[in-house]
Amino acid sequence: MVKFLIHKPVAVIVVFVALMLLGILAIKKIPISSLPDIDIPEITVHVNNRNFSAYELENTVIKRLQALLFQVPDIADIHTETKDGYSIIRLRFNYGSDINHAFLEVNEKIDLSMNSLPRDMERPIVIKSSITDLPVFYINLRLKKNDAFKDASFRFIELSNFAEKVIKRRLEQLPEIAFVDITGMVHSEVCIIPDKAIMQALNFKDDDFKRIIESNNLILGNVRATDSDLQYNIRFSSANISSVEDIRNIPFILRGRIFKLKDIAKIEIRSQEPSGAFIAHNEPALSLAVIKQPASRMEDLHENVKKLLEKLEKTYPDIQFEQTQDQTELLDYSISNLKQDLLAGSFFAFILMFFFLKNLRSPILIGISIPVSLILSILFFKLFNITINIISLAGLVLGVGLMIDNSIIVIDNITQYRERKFELSDACVKGTNEIIRPLISSVLTTCSVFLPLIFLSGISGALFYDQAMAITIGLTVSLFVSITLLPVLYRLFHLKKVRLMETAFFDKYGITFFESLYESGFHWIFKNKLASLCIVLALIVSNIFFFNILKREKLPAFEETEIVLHADWNQNIHPDESVKRLKTLINLFKKEDISQSNAAVGGQQYLLNKDKQLSLSEIELYIKAKDVQTLKNIKEKIQSFMALNFPAASFELRPPKSLFERIFENGETDLVVQLSQSGDKLLPSKEVVDQVVKKLNARFPEIHINQIPLQQTLILNIDQEKLLLYDLSMDKVYARLRSLLNVSEISKLGNGPQQVPIVVSYPPSNLAEVIHTVTVSNNKGISIPVSGFLNMNEEAYYKTIEGGRNGNFISLPIETSNPEKVIHYLNTEIQGKDNLKITYEGSYFSNKKLVNEMTIVLLVSVLLLYFILAAQFESLIQPLIVLFELPISMSGALILLYVFNSSLNLISLIGLVVMCGIIINDSILKIDTINDLCKNYGYNLMDAIHTAGTRRLKSIIMTSMTTVLSVIPFLFGNDIGSVLQRPLSLALIGGMLIGTPISLYFIPLVYWFYYRNSESPKKL
């Protein structure tokens, strides 16, 4: 085939140009996203009922829902968190389940349960999780300060309506945006504040407001009337109220006199009672979460949003627009990293080939083949429906170095044939044909270590499908380009015998240096076989040591400039007070030290929020500092502020989760101890839990246990016998107290979607004063003071009630470096006592599972490597000789991870897998050459080993150096991309630094040891 191609250069070049044009077209059309479009196997159910406490909600609603939802097929786990008025149910499914079918099943179960749930409860909201539903960035809207407007609250109501009706819709009109979620909105309501004295004098009841307004807020239809031969449509005017003034002037008759509502109550428009707030730069703001269309391109989204925001800023100068928490930075980095890797790889290959091949034309060939391979790979991305995303780009970034290797090996082999005085065309044909089989094996072995990654459990395997496919496509295309286009171009470039940049400098300092070094090392190894064996055995044994002492985590730790404070004041405070405390905290920081700050206070209004809602006493503050040192100072100030001013509050400081981290659920506590108690009790008592915490702190003083949030609840005890004595019903007492203590909605103002609630609200008063002064009319119309049959008690109870498959429990998040010791202590000293049952969760288990799975993946990869090599070498022993290199090279990877204080994590483990696929390529090439020299050219064993080493030395050195040099920049970068890729780079560099000498020296020694008693290798 190669012989035919090199004599048809025009046809070959035309075909590749056509393919590249298709590839360039595919680049313009292929979707660009942060992550692949796959479903997350999770469904969340949000349950709201403001009138229920956590205890009542758990017993009357959540347990019933759980019983039904357990019947949904393929549920892997279920977890509930219940607070006063709100609960979230997380349903986790086995990966591979039809999440759309599960979504329908869950909704069906919810519908079936509605008849058994309280009548006044809203239908629970069911949300299906998908990667594409995660916001790519947020847009904050704030009002610029304007002294001409004194009523800031009214202006913010207008901003909320404007954002919902105009800004949100304008953004959603962009073809790249699927949905814009919004929070922080404040809406208006018409408030009727009764005059208690006048109402008491007129004997006017709260229910009278509702009766009067409803009787005057009727929507009357048209009436048809016939008059002789004519027919009329008759419409009644003034049949409904449409303004606050209409409400004030509603007439009613009482005791023979006509009154208007404004005579007995103050009626005004105000903002609705907030259940939460959103703060940006210490001012009230709105947050718009932008969710991208799955098929759209990220760069188009950014460009169009930027243009629209610039236009909106000019059109509405009183509104401040700010784009924040951009989750696409990692994607941008991956794209720039691919360009950097391409340029760096080409540059290093260019320099190396100067030194080793001593001409200018070979590096130019590299510069042509790599972009051709990349463009054709993108074409196949389009054909296989793979998007450009962080995962697929990571595969291409890894593949670039391997693409260069293929080109280097082909060019070097052709050049060696030319140096042996072969004619140019024959050198191209023989040099390419000779290397095709080992190149195919190298591609297959490299791909074989990636393909098992897709069998990782859960979403990890689904995500790594894109990476495995990207590397497979990249290497296959690179192989195709190397054995078809590259020989053709090599022949064209060398038709004219022109010496370019060939000087004595390269003869002296180029390959000659490495050849002399190789000769010295080769002779030393074969003279000191026992010492060589001892060194190798020591390296293999070191694997066990370093594998055990390296810390384990799911993702590498980042040196962040961003922080998230999650705090619970553990007090029953109003959201306004929470906002006040938050602003006091933010004012501690200098404005020049903070580039962005956002805060969520209480419940948020996002429709697609799959995270749990914050309670009224909780806040979540996001801060972006100018640098790492400033962030450390900010952390210290936060810790001091909370400890000094709010010692009872529980808080946590953690970095914000990127899209990548949210998908892999990084950031879990090391160990979560779940305490439950058998018997009739819903949860273990606070005293029992406190005793467990006390014992743990005494036994392990170095651990940190997060405080369990508690809340104070007022219990109103009603004497039932006195109710009977006073001829009162519980319903009347409850309705009276609720009307005084709560805002009650009685009607709506306006028609259609623009309706404004009309509420009755008494002026705020002290609770104790209400209890001691309020009266309730009994069935005979006699006013009875409630203080005569009611008393108050205060009770502290858990703020959150958690539950799962095995019932309810209390979670103790524990940060510890020795989870095994804590678990052993709890199982031996605490488990079973006081009827306690203990179960465990946390990152310790997920990380351990990940390491175990990656170990299995590595073993499967090794088996695949063995079978591929056995097929190539037609031997059962020679593959073992090649694979013997893996445990030796792995020691280099683990040593370098330890030296640079890295960890065993998902990225470093992938680096080990990558290293295994790459490092044996050198040994494959060398052993294939030894076999060829022995079988086809009659070399004896020692001469074949030595000649093969000399002949393949240049390609082995060049491919190893380009691989190492291409990832070295990751060791010195401080951006998120460099930090994420650093463990992979360390594993790859460490493996190559040990593996390359092993390929050059020790593998030939093992080969000689096995075949030393025969003249040539036997087929086994």
# chains A, B, ... in the order shown; residues from 1 in each chain; ligands from 1
>>> residues_around(residues="A:Val449", least_positions_apart="5", cutoff="7 Å", atoms="only C-alpha atoms", output="number ranges by chain")
A: 861, 913-914, 917
>>> residues_around(residues="stretch 117-122 of chain A", least_positions_apart="3", cutoff="7 Å", atoms="only C-alpha atoms", output="PyMOL selection string")
chain A and resi 48-49+61+113-114
>>> residues_around(residues="A:Val688", least_positions_apart="3", cutoff="10 Å", atoms="only C-alpha atoms", output="ChimeraX atom specification")
/A:675,677,684-685,691-694,834,836
>>> write_last_selection(atoms="N, CA and C atoms", output="short mmCIF file (atom, residue, chain, number, x, y, z; two decimals), in the first residue's frame")
data_model
loop_
_atom_site.label_atom_id
_atom_site.label_comp_id
_atom_site.auth_asym_id
_atom_site.auth_seq_id
_atom_site.Cartn_x
_atom_site.Cartn_y
_atom_site.Cartn_z
N LEU A 675 -26.18 8.17 63.34
CA LEU A 675 -26.66 7.59 64.60
C LEU A 675 -28.18 7.45 64.55
N GLN A 677 -31.60 5.14 66.53
CA GLN A 677 -31.93 4.46 67.80
C GLN A 677 -33.14 3.59 67.58
N PRO A 684 -32.26 9.66 68.08
CA PRO A 684 -31.63 9.62 69.40
C PRO A 684 -31.73 10.99 70.08
N SER A 685 -31.82 10.99 71.39
CA SER A 685 -31.94 12.24 72.12
C SER A 685 -30.64 13.04 72.01
N GLN A 691 -23.18 12.72 74.25
CA GLN A 691 -22.30 11.78 74.94
C GLN A 691 -21.36 11.08 73.95
N VAL A 692 -21.90 10.74 72.77
CA VAL A 692 -21.06 10.11 71.73
C VAL A 692 -19.98 11.08 71.27
N VAL A 693 -20.36 12.33 71.04
CA VAL A 693 -19.40 13.34 70.61
C VAL A 693 -18.32 13.55 71.67
N LYS A 694 -18.73 13.58 72.92
CA LYS A 694 -17.77 13.77 74.01
C LYS A 694 -16.77 12.62 74.07
N ASP A 834 -27.16 1.89 74.52
CA ASP A 834 -28.31 2.81 74.50
C ASP A 834 -29.16 2.59 73.25
N LEU A 836 -28.24 2.18 70.34
CA LEU A 836 -27.72 2.95 69.20
C LEU A 836 -27.32 2.02 68.07
#
>>> residues_around(residues="stretch 602-610 of chain A", least_positions_apart="2", cutoff="10 Å", atoms="only C-alpha atoms", output="VMD selection string")
chain A and resid 42 to 46 86 88 to 90 125 to 129 133 to 135 179 to 185 274 to 278 287 to 289 291 568 574 to 575 578 to 579 599 to 600 612 to 620
>>> select_by_dssp(residues="stretch 535-760 of chain A", states="strand (DSSP E or B)", output="VMD selection string")
chain A and resid 552 562 to 568 594 to 602 618 to 625 650 to 654 671 to 677 704 to 705 710 to 718 744 to 749 756 to 760
>>> residues_around(residues="A:Ala871", least_positions_apart="6", cutoff="12 Å", atoms="only C-alpha atoms", output="PyMOL selection string")
chain A and resi 437-438+440-441+444-445+864-865+877-879+1019-1020
>>> residues_around(residues="A:Gly991", least_positions_apart="3", cutoff="12 Å", atoms="only C-alpha atoms", output="NGL selection string")
:A and (539 or 885-897 or 908 or 911-920 or 960 or 963-964 or 984-988 or 994-999)
>>> select_by_dssp(residues="stretch 743-942 of chain A", states="helix (DSSP H, G or I)", output="PyMOL selection string")
chain A and resi 752-754+767-773+786-788+819-830+833-835+843-873+878-883+885-899+906-936+941-942
>>> write_last_selection(atoms="C-alpha atoms", output="compact mmCIF listing (two decimals), in the first residue's frame")
# COMPACT_ATOMS: atom_id res chain seq x y z
CA GLY A 752 -54.52 36.95 34.70
CA PRO A 753 -50.89 36.28 35.59
CA GLN A 754 -50.32 39.76 37.09
CA LEU A 767 -45.67 37.14 71.36
CA ALA A 768 -46.08 37.11 75.14
CA GLU A 769 -48.22 40.24 74.89
CA VAL A 770 -50.48 38.54 72.32
CA ILE A 771 -50.92 35.48 74.52
CA HIS A 772 -51.82 37.61 77.58
CA THR A 773 -54.16 40.07 75.83
CA VAL A 786 -56.56 32.67 75.87
CA SER A 787 -54.19 33.10 78.80
CA GLY A 788 -56.75 31.28 80.92
CA PRO A 819 -11.22 7.00 59.55
CA GLU A 820 -10.42 3.31 60.16
CA LYS A 821 -9.52 3.94 63.81
CA VAL A 822 -12.65 6.03 64.41
CA ILE A 823 -14.85 3.37 62.82
CA HIS A 824 -13.21 0.60 64.87
CA TYR A 825 -13.68 2.56 68.10
CA LEU A 826 -17.35 3.27 67.36
CA ASN A 827 -18.05 -0.35 66.44
CA THR A 828 -16.42 -1.71 69.59
CA GLU A 829 -17.28 0.94 72.20
CA ILE A 830 -20.51 2.67 71.06
CA LYS A 833 -25.20 0.75 73.64
CA ASP A 834 -28.31 2.81 74.50
CA ASN A 835 -29.95 0.96 71.57
CA SER A 843 -15.46 10.50 51.12
CA TYR A 844 -13.35 7.81 52.82
CA PHE A 845 -15.63 5.11 51.39
CA SER A 846 -16.10 6.68 47.97
CA ASN A 847 -12.34 7.27 47.62
CA LYS A 848 -11.60 3.71 48.72
CA LYS A 849 -14.12 2.40 46.21
CA LEU A 850 -12.57 4.54 43.48
CA VAL A 851 -9.06 3.25 44.21
CA ASN A 852 -10.33 -0.36 44.21
CA GLU A 853 -12.13 0.14 40.91
CA MET A 854 -9.12 1.82 39.32
CA THR A 855 -6.97 -1.09 40.52
CA ILE A 856 -9.33 -3.51 38.79
CA VAL A 857 -9.28 -1.33 35.67
CA LEU A 858 -5.48 -1.43 35.74
CA LEU A 859 -5.48 -5.23 36.00
CA VAL A 860 -7.97 -5.54 33.13
CA SER A 861 -5.81 -3.18 31.08
CA VAL A 862 -2.76 -5.33 31.76
CA LEU A 863 -4.64 -8.44 30.61
CA LEU A 864 -5.68 -6.68 27.41
CA LEU A 865 -2.09 -5.61 26.87
CA TYR A 866 -0.94 -9.17 27.29
CA PHE A 867 -3.39 -10.58 24.74
CA ILE A 868 -2.55 -7.88 22.18
CA LEU A 869 1.18 -8.44 22.58
CA ALA A 870 0.77 -12.20 22.46
CA ALA A 871 -0.99 -11.81 19.13
CA GLN A 872 1.75 -9.54 17.79
CA PHE A 873 4.77 -11.51 18.98
CA GLN A 878 7.58 -12.18 25.23
CA PRO A 879 4.46 -10.23 26.36
CA LEU A 880 5.40 -11.05 29.95
CA ILE A 881 8.87 -9.65 29.34
CA VAL A 882 7.33 -6.39 28.08
CA LEU A 883 4.77 -6.20 30.90
CA GLU A 885 8.33 -3.12 32.84
CA LEU A 886 5.01 -1.89 34.30
CA PRO A 887 5.56 -2.49 38.06
CA ILE A 888 9.09 -1.07 37.75
CA SER A 889 7.95 2.08 35.96
CA MET A 890 5.03 2.49 38.37
CA SER A 891 7.49 2.95 41.20
CA GLY A 892 8.82 6.06 39.47
CA ALA A 893 5.31 7.46 39.22
CA LEU A 894 4.54 6.82 42.90
CA ILE A 895 7.89 8.23 44.03
CA LEU A 896 7.37 11.46 42.11
CA LEU A 897 3.80 11.80 43.47
CA TYR A 898 5.21 11.44 46.99
CA VAL A 899 8.09 13.89 46.41
CA LEU A 906 -8.84 10.11 40.10
CA ILE A 907 -6.42 12.18 38.01
CA SER A 908 -3.20 10.57 39.28
CA LEU A 909 -4.69 7.10 38.83
CA ILE A 910 -5.58 7.97 35.26
CA GLY A 911 -1.97 9.13 34.91
CA LEU A 912 -0.81 5.68 36.03
CA VAL A 913 -3.07 4.07 33.46
CA VAL A 914 -1.79 6.43 30.75
CA MET A 915 1.80 5.73 31.75
CA CYS A 916 1.23 1.98 31.48
CA GLY A 917 -0.07 2.37 27.96
CA ILE A 918 2.78 4.62 26.82
CA ILE A 919 5.86 3.23 28.55
CA ILE A 920 5.70 -0.25 27.02
CA ASN A 921 5.68 1.19 23.49
CA ASP A 922 9.47 1.56 23.66
CA SER A 923 9.90 -2.07 24.71
CA ILE A 924 7.49 -3.24 22.03
CA LEU A 925 9.52 -1.41 19.41
CA LYS A 926 12.81 -2.79 20.69
CA ILE A 927 11.72 -6.42 21.08
CA ASP A 928 10.07 -6.36 17.65
CA THR A 929 13.39 -5.20 16.17
CA ILE A 930 15.34 -7.91 18.06
CA ASN A 931 12.98 -10.59 16.75
CA ASP A 932 13.30 -9.25 13.22
CA LEU A 933 17.10 -9.18 13.35
CA CYS A 934 17.28 -12.73 14.74
CA LYS A 935 14.74 -14.35 12.43
CA ASN A 936 15.18 -12.46 9.15
CA LEU A 941 21.15 -13.10 20.29
CA MET A 942 23.66 -10.66 21.83
>>> atom_distance(atom1="atom CA of A:Lys527", atom2="atom CA of A:Thr512")
22.8 Å
